[in-house]
file structure_28.tsv (TSV, C-alpha atoms)
chain	number	residue	atom	x	y	z
A	21	MET	CA	-42.11	-141.74	-133.33
A	22	VAL	CA	-38.76	-143.57	-133.64
A	23	THR	CA	-37.11	-144.22	-130.26
A	24	ARG	CA	-34.12	-146.25	-129.15
A	25	LYS	CA	-33.67	-147.62	-125.66
A	26	LEU	CA	-30.40	-148.48	-123.94
A	27	GLY	CA	-31.28	-149.86	-120.54
A	28	LYS	CA	-32.73	-146.92	-118.58
A	29	TYR	CA	-31.62	-144.40	-121.25
A	30	GLU	CA	-33.67	-143.17	-124.18
A	31	LEU	CA	-31.34	-142.33	-127.06
A	32	GLY	CA	-31.87	-139.27	-129.24
A	33	ARG	CA	-29.98	-137.53	-132.02
A	34	THR	CA	-26.26	-137.82	-132.78
A	35	ILE	CA	-24.48	-134.74	-131.40
A	36	GLY	CA	-20.91	-135.60	-132.32
A	37	GLU	CA	-18.95	-138.01	-134.47
A	38	GLY	CA	-15.33	-139.01	-134.78
A	39	THR	CA	-13.23	-141.71	-136.40
A	40	PHE	CA	-13.93	-144.32	-133.73
A	41	ALA	CA	-17.09	-143.17	-131.95
A	42	LYS	CA	-20.41	-141.36	-132.12
A	43	VAL	CA	-21.86	-139.27	-129.31
A	44	LYS	CA	-25.63	-139.32	-128.85
A	45	PHE	CA	-27.93	-137.18	-126.75
A	46	ALA	CA	-29.90	-139.30	-124.27
A	47	LYS	CA	-32.25	-139.02	-121.32
A	48	ASN	CA	-32.23	-141.05	-118.14
A	49	THR	CA	-35.85	-142.22	-117.95
A	50	GLU	CA	-35.58	-142.85	-114.19
A	51	THR	CA	-34.26	-139.41	-113.18
A	52	GLY	CA	-35.07	-137.24	-116.22
A	53	GLU	CA	-31.41	-136.18	-116.42
A	54	ASN	CA	-29.94	-135.35	-119.83
A	55	VAL	CA	-26.69	-137.16	-120.67
A	56	ALA	CA	-24.36	-137.69	-123.61
A	57	ILE	CA	-23.54	-141.29	-124.56
A	58	LYS	CA	-20.35	-142.09	-126.45
A	59	VAL	CA	-20.97	-145.18	-128.60
A	60	MET	CA	-17.99	-147.28	-129.68
A	61	SER	CA	-17.90	-150.45	-131.76
A	62	LYS	CA	-16.09	-153.36	-130.13
A	63	ALA	CA	-15.07	-154.67	-133.55
A	64	THR	CA	-13.50	-151.31	-134.45
A	65	ILE	CA	-11.67	-151.13	-131.12
A	66	LEU	CA	-10.26	-154.63	-131.63
A	67	ARG	CA	-9.42	-154.07	-135.30
A	68	HIS	CA	-7.38	-150.97	-134.49
A	69	LYS	CA	-5.84	-152.55	-131.35
A	70	MET	CA	-7.20	-149.75	-129.15
A	71	VAL	CA	-8.43	-151.86	-126.21
A	72	ASP	CA	-5.77	-150.59	-123.79
A	73	GLN	CA	-6.17	-146.96	-124.87
A	74	ILE	CA	-9.96	-146.95	-124.57
A	75	LYS	CA	-9.88	-148.79	-121.24
A	76	ARG	CA	-7.34	-146.26	-119.95
A	77	GLU	CA	-9.45	-143.30	-121.11
A	78	ILE	CA	-12.57	-144.66	-119.43
A	79	SER	CA	-10.73	-145.51	-116.21
A	80	ILE	CA	-9.14	-142.06	-116.01
A	81	MET	CA	-12.47	-140.30	-116.56
A	82	LYS	CA	-13.98	-142.30	-113.72
A	83	ILE	CA	-11.07	-141.43	-111.42
A	84	VAL	CA	-11.14	-137.65	-112.03
A	85	ARG	CA	-14.14	-136.07	-110.27
A	86	HIS	CA	-13.88	-132.30	-110.48
A	87	PRO	CA	-16.38	-129.50	-111.26
A	88	ASN	CA	-14.27	-128.43	-114.27
A	89	ILE	CA	-13.96	-131.91	-115.81
A	90	VAL	CA	-16.71	-133.62	-117.80
A	91	ARG	CA	-18.12	-136.33	-115.53
A	92	LEU	CA	-18.36	-139.96	-116.55
A	93	HIS	CA	-21.47	-141.49	-114.97
A	94	GLU	CA	-21.19	-145.14	-115.96
A	95	VAL	CA	-20.09	-147.60	-118.65
A	96	LEU	CA	-22.41	-150.11	-120.33
A	97	SER	CA	-21.94	-152.81	-122.91
A	98	SER	CA	-23.96	-154.71	-125.51
A	99	ARG	CA	-22.67	-157.62	-127.55
A	100	THR	CA	-21.23	-155.31	-130.20
A	101	LYS	CA	-20.81	-151.87	-128.60
A	102	ILE	CA	-19.47	-150.02	-125.58
A	103	TYR	CA	-21.49	-147.09	-124.21
A	104	ILE	CA	-19.82	-144.38	-122.11
A	105	VAL	CA	-22.44	-142.30	-120.27
A	106	LEU	CA	-21.17	-138.73	-119.79
A	107	GLU	CA	-22.33	-135.42	-118.38
A	108	PHE	CA	-24.27	-133.45	-121.04
A	109	VAL	CA	-22.57	-130.06	-121.51
A	110	THR	CA	-24.74	-127.59	-123.46
A	111	GLY	CA	-22.49	-124.57	-124.06
A	112	GLY	CA	-20.33	-125.87	-126.91
A	113	GLU	CA	-16.56	-125.72	-127.30
A	114	LEU	CA	-14.33	-122.85	-126.25
A	115	PHE	CA	-12.98	-123.08	-129.82
A	116	ASP	CA	-16.41	-122.19	-131.21
A	117	LYS	CA	-16.70	-119.23	-128.86
A	118	ILE	CA	-13.33	-117.92	-130.02
A	119	VAL	CA	-14.30	-118.34	-133.69
A	120	HIS	CA	-17.59	-116.51	-133.12
A	121	GLN	CA	-16.44	-113.80	-130.74
A	122	GLY	CA	-12.83	-113.33	-131.76
A	123	LYS	CA	-10.90	-111.48	-129.07
A	124	ILE	CA	-12.24	-112.40	-125.63
A	125	LYS	CA	-12.05	-109.88	-122.81
A	126	GLU	CA	-9.10	-110.42	-120.50
A	127	ASN	CA	-11.17	-110.92	-117.35
A	128	GLU	CA	-13.23	-113.61	-119.07
A	129	SER	CA	-10.11	-115.28	-120.46
A	130	ARG	CA	-8.55	-115.23	-117.01
A	131	ARG	CA	-11.63	-116.92	-115.51
A	132	TYR	CA	-11.43	-119.75	-118.07
A	133	PHE	CA	-7.69	-120.07	-117.48
A	134	GLN	CA	-8.17	-120.25	-113.71
A	135	GLN	CA	-10.74	-123.03	-114.12
A	136	LEU	CA	-8.42	-124.88	-116.52
A	137	ILE	CA	-5.47	-124.65	-114.12
A	138	ASP	CA	-7.67	-125.86	-111.24
A	139	ALA	CA	-8.67	-128.90	-113.32
A	140	VAL	CA	-5.11	-129.61	-114.51
A	141	ASP	CA	-3.73	-129.24	-110.98
A	142	TYR	CA	-6.36	-131.70	-109.71
A	143	CYS	CA	-5.47	-134.20	-112.47
A	144	HIS	CA	-1.76	-133.96	-111.74
A	145	ARG	CA	-2.39	-134.57	-108.05
A	146	LYS	CA	-4.24	-137.73	-109.12
A	147	GLY	CA	-1.31	-138.74	-111.32
A	148	VAL	CA	-3.28	-138.04	-114.52
A	149	TYR	CA	-1.74	-136.13	-117.45
A	150	HIS	CA	-4.13	-135.06	-120.23
A	151	ARG	CA	-1.55	-134.36	-123.00
A	152	ASP	CA	-4.04	-132.96	-125.53
A	153	LEU	CA	-5.36	-129.73	-124.01
A	154	LYS	CA	-6.71	-127.37	-126.68
A	155	PRO	CA	-9.81	-125.17	-127.17
A	156	GLU	CA	-11.61	-128.00	-129.00
A	157	ASN	CA	-11.34	-130.18	-125.86
A	158	LEU	CA	-12.54	-127.46	-123.48
A	159	LEU	CA	-16.33	-127.31	-123.24
A	160	LEU	CA	-18.54	-124.64	-121.65
A	161	ASP	CA	-21.76	-125.28	-119.79
A	162	CYS	CA	-24.77	-122.96	-120.06
A	163	HIS	CA	-23.41	-120.86	-117.19
A	164	GLY	CA	-20.03	-120.37	-118.85
A	165	LYS	CA	-18.17	-122.83	-116.59
A	166	LEU	CA	-15.27	-124.58	-118.32
A	167	LYS	CA	-15.20	-128.39	-118.54
A	168	VAL	CA	-12.16	-130.40	-119.69
A	169	SER	CA	-13.04	-133.32	-121.98
A	170	ASP	CA	-11.43	-136.00	-124.18
A	171	PHE	CA	-8.86	-137.90	-122.13
A	172	GLY	CA	-8.00	-140.18	-125.07
A	173	LEU	CA	-4.27	-139.32	-124.99
A	174	SER	CA	-3.97	-138.99	-121.24
A	175	ALA	CA	-1.49	-141.03	-119.25
A	176	LEU	CA	-1.07	-142.60	-115.82
A	177	PRO	CA	2.73	-142.90	-115.44
A	178	GLU	CA	4.26	-145.27	-112.98
A	179	ARG	CA	5.45	-143.64	-109.77
A	180	GLY	CA	8.67	-141.70	-110.34
A	181	ILE	CA	8.65	-142.17	-114.14
A	182	LEU	CA	8.62	-139.07	-116.34
A	183	LEU	CA	6.64	-138.91	-119.58
A	184	HIS	CA	8.76	-138.32	-122.71
A	185	THR	CA	6.46	-139.31	-125.59
A	186	THR	CA	5.65	-136.51	-128.06
A	187	CYS	CA	1.91	-136.59	-128.67
A	188	GLY	CA	-1.19	-134.44	-129.03
A	189	THR	CA	-2.19	-131.91	-131.67
A	190	PRO	CA	0.77	-130.26	-133.49
A	191	ASN	CA	-0.46	-126.70	-132.92
A	192	TYR	CA	-0.62	-127.28	-129.15
A	193	VAL	CA	2.43	-129.42	-128.37
A	194	ALA	CA	4.90	-128.58	-125.60
A	195	PRO	CA	7.24	-125.67	-126.46
A	196	GLU	CA	10.48	-127.70	-126.09
A	197	ILE	CA	10.00	-129.27	-129.53
A	198	ASN	CA	10.65	-125.85	-131.07
A	199	VAL	CA	12.40	-122.58	-130.26
A	200	ALA	CA	9.16	-121.02	-128.97
A	201	GLU	CA	9.40	-117.95	-131.17
A	202	PHE	CA	6.21	-115.89	-130.83
A	203	SER	CA	4.94	-112.39	-130.20
A	204	CYS	CA	1.99	-111.19	-128.11
A	205	PRO	CA	-0.67	-108.81	-129.51
A	206	ILE	CA	-0.31	-105.21	-128.37
A	207	TRP	CA	-3.55	-105.37	-126.37
A	208	PHE	CA	-2.19	-108.01	-123.97
A	209	SER	CA	-1.67	-106.57	-120.50
A	210	PRO	CA	1.89	-106.65	-119.09
A	211	GLY	CA	0.82	-109.22	-116.48
A	212	ALA	CA	-0.70	-111.59	-119.05
A	213	LYS	CA	2.32	-111.26	-121.34
A	214	ALA	CA	4.75	-111.94	-118.51
A	215	LEU	CA	2.90	-115.11	-117.49
A	216	ILE	CA	2.69	-116.39	-121.08
A	217	LEU	CA	6.45	-115.95	-121.48
A	218	LYS	CA	6.99	-118.10	-118.37
A	219	ILE	CA	4.56	-120.79	-119.58
A	220	LEU	CA	6.04	-121.02	-123.10
A	221	ASN	CA	9.62	-121.25	-121.89
A	222	PRO	CA	11.16	-124.01	-124.10
A	223	ASN	CA	13.30	-125.23	-121.20
A	224	PRO	CA	11.13	-127.52	-119.03
A	225	LYS	CA	13.58	-127.21	-116.14
A	226	THR	CA	13.08	-123.45	-115.81
A	227	ARG	CA	9.48	-123.27	-117.09
A	228	ILE	CA	6.91	-122.09	-114.54
A	229	SER	CA	5.12	-124.87	-112.65
A	230	ILE	CA	1.41	-125.19	-111.88
A	231	GLU	CA	2.16	-123.98	-108.34
A	232	GLY	CA	4.02	-121.01	-109.79
A	233	ILE	CA	1.11	-120.15	-112.08
A	234	LYS	CA	-1.29	-120.21	-109.13
A	235	ARG	CA	0.97	-117.76	-107.26
A	236	ASP	CA	1.28	-115.38	-110.23
A	237	PRO	CA	-0.25	-111.89	-109.57
A	238	TRP	CA	-2.12	-111.86	-112.92
A	239	PHE	CA	-3.59	-115.31	-112.26
A	240	ARG	CA	-4.67	-114.43	-108.71
A	241	GLN	CA	-6.85	-111.48	-109.72
A	242	SER	CA	-10.47	-112.33	-108.74
A	243	TYR	CA	-9.39	-115.94	-108.25
A	244	VAL	CA	-11.79	-118.12	-106.27
A	245	PRO	CA	-10.37	-121.63	-105.73
A	246	VAL	CA	-12.80	-124.34	-106.71
A	247	ARG	CA	-14.53	-126.06	-103.83
A	248	TYR	CA	-15.91	-129.57	-103.97
A	249	GLY	CA	-17.04	-132.18	-101.49
A	250	ASN	CA	-15.22	-135.13	-100.04
A	251	GLU	CA	-13.43	-137.44	-102.42
A	252	GLU	CA	-15.86	-139.98	-103.85
A	253	LYS	CA	-15.03	-143.65	-103.73
A	254	VAL	CA	-14.68	-144.71	-107.35
A	255	SER	CA	-15.19	-148.28	-108.53
A	256	LEU	CA	-13.78	-149.51	-111.83
A	257	ASP	CA	-15.79	-152.75	-111.70
A	258	ASP	CA	-18.05	-151.73	-114.58
A	259	VAL	CA	-15.01	-150.86	-116.71
A	260	CYS	CA	-13.46	-154.25	-116.06
A	261	ALA	CA	-16.78	-155.94	-116.77
A	262	VAL	CA	-17.12	-154.23	-120.16
A	263	PHE	CA	-13.68	-155.32	-121.30
A	264	ASN	CA	-13.89	-158.78	-119.76
A	265	ASP	CA	-17.21	-159.42	-121.54
A	266	ILE	CA	-19.08	-160.43	-118.39
A	267	GLU	CA	-22.51	-161.61	-119.54
A	268	ASP	CA	-24.64	-159.90	-116.90
A	269	GLN	CA	-23.21	-156.48	-117.81
A	270	TYR	CA	-24.88	-156.51	-121.21
A	271	VAL	CA	-27.82	-154.15	-121.70
A	272	SER	CA	-30.51	-154.44	-124.33
A	273	GLU	CA	-30.69	-151.96	-127.18
A	274	ARG	CA	-34.08	-151.70	-128.88
A	275	THR	CA	-34.62	-149.84	-132.13
A	276	GLY	CA	-37.91	-148.72	-133.62
A	277	ASN	CA	-38.89	-148.49	-137.29
A	278	ASP	CA	-36.03	-147.23	-139.50
A	279	GLN	CA	-38.26	-146.10	-142.38
A	280	GLY	CA	-38.14	-142.38	-143.17
A	281	PRO	CA	-36.26	-139.55	-141.43
A	282	LEU	CA	-36.19	-139.52	-137.65
A	283	ILE	CA	-39.00	-137.47	-136.15
A	284	MET	CA	-37.73	-134.95	-133.61
A	285	ASN	CA	-40.05	-134.02	-130.79
A	286	ALA	CA	-40.28	-130.57	-129.22
A	287	PHE	CA	-38.14	-131.54	-126.23
A	288	GLU	CA	-35.26	-132.72	-128.43
A	289	MET	CA	-35.61	-129.62	-130.57
A	290	ILE	CA	-35.31	-127.38	-127.51
A	291	THR	CA	-32.21	-129.19	-126.21
A	292	LEU	CA	-30.52	-129.03	-129.62
A	293	SER	CA	-29.10	-125.57	-129.17
A	294	GLN	CA	-26.48	-124.54	-126.66
A	295	GLY	CA	-28.00	-123.07	-123.53
A	296	LEU	CA	-31.48	-124.19	-124.68
A	297	ASN	CA	-31.52	-121.35	-127.22
A	298	LEU	CA	-33.48	-122.25	-130.35
A	299	SER	CA	-32.25	-119.34	-132.46
A	300	ALA	CA	-29.63	-121.48	-134.21
A	301	LEU	CA	-32.46	-123.56	-135.67
A	302	PHE	CA	-34.29	-120.71	-137.35
A	303	ASP	CA	-32.00	-117.69	-137.65
A	304	ARG	CA	-29.48	-118.14	-140.44
A	305	ARG	CA	-28.43	-114.46	-140.42
A	306	GLN	CA	-25.90	-115.07	-137.68
A	307	ASP	CA	-22.25	-115.51	-138.65
A	308	TYR	CA	-21.68	-118.10	-135.93
A	309	VAL	CA	-20.58	-121.36	-137.55
A	310	LYS	CA	-19.90	-124.05	-134.97
A	311	ARG	CA	-18.21	-127.41	-135.44
A	312	GLN	CA	-21.72	-128.83	-135.26
A	313	THR	CA	-24.12	-126.87	-137.47
A	314	ARG	CA	-27.57	-127.23	-138.95
A	315	PHE	CA	-30.02	-125.71	-141.41
A	316	VAL	CA	-33.74	-126.02	-142.05
A	317	SER	CA	-35.49	-126.81	-145.34
A	318	ARG	CA	-39.08	-127.11	-146.57
A	319	LYS	CA	-38.02	-129.35	-149.46
A	320	PRO	CA	-38.83	-133.09	-149.30
A	321	ALA	CA	-36.17	-135.19	-147.57
A	322	ASN	CA	-35.20	-137.02	-150.77
A	323	ASP	CA	-34.74	-133.71	-152.60
A	324	ILE	CA	-32.45	-132.54	-149.80
A	325	ILE	CA	-30.35	-135.69	-150.20
A	326	LEU	CA	-30.07	-135.22	-153.96
A	327	ALA	CA	-29.01	-131.59	-153.51
A	328	ILE	CA	-26.33	-132.53	-150.99
A	329	GLU	CA	-25.07	-135.33	-153.25
A	330	ALA	CA	-24.73	-132.83	-156.13
A	331	VAL	CA	-22.71	-130.45	-153.94
A	332	ALA	CA	-20.50	-133.32	-152.75
A	333	ALA	CA	-19.79	-134.31	-156.36
A	334	SER	CA	-18.79	-130.73	-157.21
A	335	LEU	CA	-16.36	-130.77	-154.27
A	336	HIS	CA	-14.96	-134.20	-155.26
A	337	LEU	CA	-16.24	-135.84	-152.08
A	338	SER	CA	-17.51	-139.41	-151.97
A	339	VAL	CA	-21.00	-139.98	-150.52
A	340	HIS	CA	-22.32	-142.79	-148.34
A	341	SER	CA	-26.04	-142.59	-147.63
A	342	ARG	CA	-28.42	-144.77	-145.60
A	343	ASN	CA	-31.68	-144.17	-143.73
A	344	TYR	CA	-31.47	-140.39	-144.22
A	345	LYS	CA	-27.96	-140.30	-142.80
A	346	MET	CA	-25.06	-139.24	-145.01
A	347	ARG	CA	-21.28	-139.18	-144.80
A	348	LEU	CA	-19.14	-137.11	-147.17
A	349	GLU	CA	-15.46	-138.02	-147.38
A	350	GLY	CA	-12.36	-136.88	-149.22
A	351	LEU	CA	-8.78	-135.71	-148.83
A	352	SER	CA	-8.13	-132.80	-146.49
A	353	ALA	CA	-6.93	-129.50	-147.91
A	354	ASN	CA	-3.29	-130.35	-147.11
A	355	LYS	CA	-3.66	-133.61	-149.07
A	356	ILE	CA	-2.30	-135.58	-146.09
A	357	GLY	CA	-5.19	-136.72	-143.89
A	358	ARG	CA	-8.87	-137.46	-144.48
A	359	PHE	CA	-11.73	-134.97	-144.23
A	360	ALA	CA	-15.21	-136.27	-143.45
A	361	VAL	CA	-18.59	-134.76	-142.61
A	362	ALA	CA	-21.68	-136.53	-141.25
A	363	LEU	CA	-25.21	-135.28	-142.01
A	364	GLU	CA	-28.53	-136.44	-140.59
A	365	ILE	CA	-32.03	-135.38	-141.65
A	366	TYR	CA	-34.79	-134.93	-139.06
A	367	GLU	CA	-38.47	-134.11	-139.53
A	368	VAL	CA	-39.21	-131.36	-137.00
A	369	ALA	CA	-42.73	-130.57	-138.29
A	370	PRO	CA	-44.90	-131.62	-141.25
A	371	SER	CA	-42.97	-130.64	-144.42
A	372	LEU	CA	-40.18	-129.05	-142.34
A	373	PHE	CA	-36.83	-130.82	-142.14
A	374	MET	CA	-33.68	-130.01	-140.21
A	375	VAL	CA	-30.28	-131.14	-141.54
A	376	ASP	CA	-27.73	-131.65	-138.77
A	377	VAL	CA	-24.14	-131.31	-140.05
A	378	ARG	CA	-21.12	-132.45	-138.03
A	379	LYS	CA	-17.38	-132.72	-138.57
A	380	ALA	CA	-16.40	-136.40	-138.45
A	381	SER	CA	-12.67	-136.06	-139.13
A	382	GLY	CA	-10.19	-133.45	-140.28
A	383	ASP	CA	-9.29	-129.91	-139.25
A	384	THR	CA	-11.94	-127.81	-137.52
A	385	LEU	CA	-11.10	-124.64	-139.44
A	386	GLU	CA	-11.39	-126.59	-142.70
A	387	TYR	CA	-14.83	-127.73	-141.57
A	388	HIS	CA	-15.90	-124.12	-140.94
A	389	LYS	CA	-14.92	-123.20	-144.51
A	390	PHE	CA	-16.67	-126.30	-145.86
A	391	TYR	CA	-19.92	-125.52	-144.06
A	392	LYS	CA	-20.06	-121.95	-145.37
A	393	ASN	CA	-19.38	-123.26	-148.89
A	394	LEU	CA	-22.05	-125.95	-148.48
A	395	CYS	CA	-24.67	-123.42	-147.38
A	396	SER	CA	-23.86	-121.11	-150.29
A	397	LYS	CA	-24.38	-123.98	-152.74
A	398	LEU	CA	-27.63	-125.05	-151.03
A	399	GLU	CA	-29.26	-121.60	-150.99
A	400	HIS	CA	-32.10	-122.94	-153.14
A	401	ILE	CA	-33.23	-125.46	-150.51
A	402	ILE	CA	-32.41	-123.67	-147.22
A	403	TRP	CA	-35.44	-122.07	-145.59
A	404	LYS	CA	-34.88	-118.58	-144.23
A	405	PRO	CA	-37.95	-117.72	-142.16
A	406	THR	CA	-39.15	-114.19	-141.59
A	407	GLU	CA	-39.42	-112.74	-138.07
A	408	ASP	CA	-43.12	-113.60	-138.02
A	409	SER	CA	-42.64	-117.22	-139.06
A	410	ALA	CA	-40.15	-118.16	-136.32
A	411	PRO	CA	-41.40	-118.85	-132.78
A	412	SER	CA	-39.86	-115.69	-131.34
A	413	GLY	CA	-41.70	-115.92	-128.03
A	414	LEU	CA	-40.32	-119.38	-127.45
A	415	LEU	CA	-36.84	-118.25	-128.44
A	416	LYS	CA	-36.89	-115.57	-125.76
A	417	SER	CA	-38.32	-117.77	-123.04
A	418	MET	CA	-36.13	-120.85	-123.53
A	419	THR	CA	-32.70	-119.32	-122.97
A	420	CYS	CA	-30.51	-120.63	-120.18

call {"tool": "encode", "arguments": {"input": "structure_28.tsv", "output": "structure tokens"}}
result
Amino acid sequence: MVTRKLGKYELGRTIGEGTFAKVKFAKNTETGENVAIKVMSKATILRHKMVDQIKREISIMKIVRHPNIVRLHEVLSSRTKIYIVLEFVTGGELFDKIVHQGKIKENESRRYFQQLIDAVDYCHRKGVYHRDLKPENLLLDCHGKLKVSDFGLSALPERGILLHTTCGTPNYVAPEINVAEFSCPIWFSPGAKALILKILNPNPKTRISIEGIKRDPWFRQSYVPVRYGNEEKVSLDDVCAVFNDIEDQYVSERTGNDQGPLIMNAFEMITLSQGLNLSALFDRRQDYVKRQTRFVSRKPANDIILAIEAVAASLHLSVHSRNYKMRLEGLSANKIGRFAVALEIYEVAPSLFMVDVRKASGDTLEYHKFYKNLCSKLEHIIWKPTEDSAPSGLLKSMTC
């Protein structure tokens, strides 16, 4: 079996991919704890002059220690890469839940909002401002607890200095850049509507504050303030070491044989699905299409690659393929930015392959449409097992 070691961590599959980094599932071999490791190329960071931004993001994530914020465990470095070891959150993005479920019940929405405000309030008290809060950056654990992630655009302003830079995702920017014209659906309760009007006030001087939100009657319904232990003493020595290229901070990275698709063991297969639920591997009848998606095929791996390349050509996407990993790239639907998808083929059993598909860049909604289109064009190679052929007993027993 192919394995990769990074110090005390055993690296597994890629679970996320962006323009400047990949995120891999990993296991701490000393404690057995599952983690996510963000892998970044030093050359890429230097080429794009992102040293200060990345160092700031890592430092901020070490400073903020809150139950509703994804925890950064440690930072490691090899000669060519930086490895950020993060808490492994299994429940997926809030964005995916909204896409799948549509309208979320008000009590559930309020609980997420309360957890978000608790996390934001904590950050502000630490002098940290996220500046890119959106459903794609809000993760859920297997118990439904919200976790704020991705502090790449966050800021640590100097004492007494206000932040004025316009940044973040256009659909989620502060309301003062526009007239804040909107309407609420008829099913919104009066309390929720009243609070939203106060939050989206385009005048920052009269807009409701975090303290005001926490005093709001709608917000306070069933509100249980988060409780956590004493403030931990946080050291940024490892962050400084990574960026100062201190020799003794390097860790060895060992790679096994790269021939053939990666072989996925049962443990990795179980942890693939959110909440340890394997149904996404075998049940393609569901309408749920996440930002990270996968399908199963009984066709040979090389035939799968050829089929995907044919679909990419029909969609006018360029293809880069190596070691049973593929990247499809092209212009986004609006003809402005780039759209890219990463695919990786795993052997999960003899003559049974799983294709893991992830958005690498571009709009998430565009990715959802792409994936549905891809699956429709690959109907001839996608395996759709019957009820008897899927391990239904295991599916029922391995839910979180």

call {"tool": "closest_residue", "arguments": {"input": "structure_28.tsv", "among": "A:Leu158, A:Val95, A:Leu394, A:Ile80", "to": "A:Gly27", "atoms": "all atoms listed in the file"}}
result
A:Val95

call {"tool": "closest_residue", "arguments": {"input": "structure_28.tsv", "among": "A:Ile356, A:Ile402, A:Ala330, A:Ile65", "to": "A:Arg314", "atoms": "only C-alpha atoms"}}
result
A:Ile402

call {"tool": "atom_distance", "arguments": {"input": "structure_28.tsv", "atom1": "atom CA of A:Asn127", "atom2": "atom CA of A:Leu166"}}
result
14.3 Å

call {"tool": "closest_residue", "arguments": {"input": "structure_28.tsv", "among": "A:Cys260, A:Val43, A:Asp323, A:Glu30", "to": "A:Arg378", "atoms": "all atoms listed in the file"}}
result
A:Val43

call {"tool": "closest_atom_pairs", "arguments": {"input": "structure_28.tsv", "of": "stretch 80-167 of chain A", "to": "stretch 201-214 of chain A", "cutoff": "10 Å", "atoms": "all atoms listed in the file", "output": "tab-separated table"}}
result
residue	atom	partner	partner_atom	distance
A:Lys123	CA	A:Trp207	CA	9.9
A:Glu126	CA	A:Phe208	CA	8.1
A:Arg130	CA	A:Ala212	CA	8.9

call {"tool": "residues_around", "arguments": {"input": "structure_28.tsv", "residues": "stretch 74-79 of chain A", "least_positions_apart": "2", "cutoff": "10 Å", "atoms": "only C-alpha atoms", "output": "PyMOL selection string"}}
result
chain A and resi 60+65+69-72+81-84+92+94-95+104+150+170-176+254-260+262-263

call {"tool": "atom_distance", "arguments": {"input": "structure_28.tsv", "atom1": "atom CA of A:Met346", "atom2": "atom CA of A:Thr34"}}
result
12.4 Å

call {"tool": "residues_near_point", "arguments": {"input": "structure_28.tsv", "point": "(-43.3, -137.2, -143.3)", "cutoff": "9 Å", "atoms": "all atoms listed in the file", "output": "VMD selection string"}}
result
chain A and resid 280 to 281 283 320 to 321 367 369 to 372

call {"tool": "residues_around", "arguments": {"input": "structure_28.tsv", "residues": "A:Arg91", "least_positions_apart": "4", "cutoff": "9 Å", "atoms": "all atoms listed in the file", "output": "ChimeraX atom specification"}}
result
/A:81-82,84-87,105-108,167,169

call {"tool": "write_last_selection", "arguments": {"input": "structure_28.tsv", "atoms": "C-alpha atoms", "output": "PDB file, keeping the file's coordinate frame"}}
result
ATOM      1  CA  MET A  81     -12.470-140.300-116.560  1.00  0.00           C
ATOM      2  CA  LYS A  82     -13.980-142.300-113.720  1.00  0.00           C
ATOM      3  CA  VAL A  84     -11.140-137.650-112.030  1.00  0.00           C
ATOM      4  CA  ARG A  85     -14.140-136.070-110.270  1.00  0.00           C
ATOM      5  CA  HIS A  86     -13.880-132.300-110.480  1.00  0.00           C
ATOM      6  CA  PRO A  87     -16.380-129.500-111.260  1.00  0.00           C
ATOM      7  CA  VAL A 105     -22.440-142.300-120.270  1.00  0.00           C
ATOM      8  CA  LEU A 106     -21.170-138.730-119.790  1.00  0.00           C
ATOM      9  CA  GLU A 107     -22.330-135.420-118.380  1.00  0.00           C
ATOM     10  CA  PHE A 108     -24.270-133.450-121.040  1.00  0.00           C
ATOM     11  CA  LYS A 167     -15.200-128.390-118.540  1.00  0.00           C
ATOM     12  CA  SER A 169     -13.040-133.320-121.980  1.00  0.00           C
TER      13      SER A 169
END

call {"tool": "atom_distance", "arguments": {"input": "structure_28.tsv", "atom1": "atom CA of A:Lys345", "atom2": "atom CA of A:Ala46"}}
result
18.7 Å

call {"tool": "closest_residue", "arguments": {"input": "structure_28.tsv", "among": "A:Ser129, A:Ser341, A:Asn322, A:Ser97", "to": "A:Lys58", "atoms": "only C-alpha atoms"}}
result
A:Ser97

call {"tool": "decode", "arguments": {"input": "structure_28.tsv", "residues": "stretch 29-36 of chain A", "atoms": "N, CA and C atoms", "output": "PDB file, in the first residue's frame"}}
result
ATOM      1  N   TYR A  29       3.055  12.236  11.298  1.00  0.00           N
ATOM      2  CA  TYR A  29       1.774  12.150  10.600  1.00  0.00           C
ATOM      3  C   TYR A  29       1.856  11.235   9.386  1.00  0.00           C
ATOM      4  N   GLU A  30       0.827  10.436   9.221  1.00  0.00           N
ATOM      5  CA  GLU A  30       0.688   9.593   8.032  1.00  0.00           C
ATOM      6  C   GLU A  30      -0.334  10.254   7.117  1.00  0.00           C
ATOM      7  N   LEU A  31       0.118  10.666   5.923  1.00  0.00           N
ATOM      8  CA  LEU A  31      -0.729  11.409   5.004  1.00  0.00           C
ATOM      9  C   LEU A  31      -1.619  10.485   4.195  1.00  0.00           C
ATOM     10  N   GLY A  32      -2.855  10.904   3.983  1.00  0.00           N
ATOM     11  CA  GLY A  32      -3.812  10.150   3.179  1.00  0.00           C
ATOM     12  C   GLY A  32      -4.224  10.930   1.943  1.00  0.00           C
ATOM     13  N   ARG A  33      -5.508  10.830   1.614  1.00  0.00           N
ATOM     14  CA  ARG A  33      -6.030  11.409   0.379  1.00  0.00           C
ATOM     15  C   ARG A  33      -6.066  12.937   0.442  1.00  0.00           C
ATOM     16  N   THR A  34      -6.180  13.569  -0.708  1.00  0.00           N
ATOM     17  CA  THR A  34      -6.417  15.008  -0.797  1.00  0.00           C
ATOM     18  C   THR A  34      -7.897  15.267  -0.575  1.00  0.00           C
ATOM     19  N   ILE A  35      -8.230  16.166   0.358  1.00  0.00           N
ATOM     20  CA  ILE A  35      -9.637  16.441   0.660  1.00  0.00           C
ATOM     21  C   ILE A  35     -10.042  17.850   0.265  1.00  0.00           C
ATOM     22  N   GLY A  36      -9.115  18.619  -0.250  1.00  0.00           N
ATOM     23  CA  GLY A  36      -9.434  19.965  -0.704  1.00  0.00           C
ATOM     24  C   GLY A  36      -8.285  20.517  -1.518  1.00  0.00           C
TER      25      GLY A  36
END
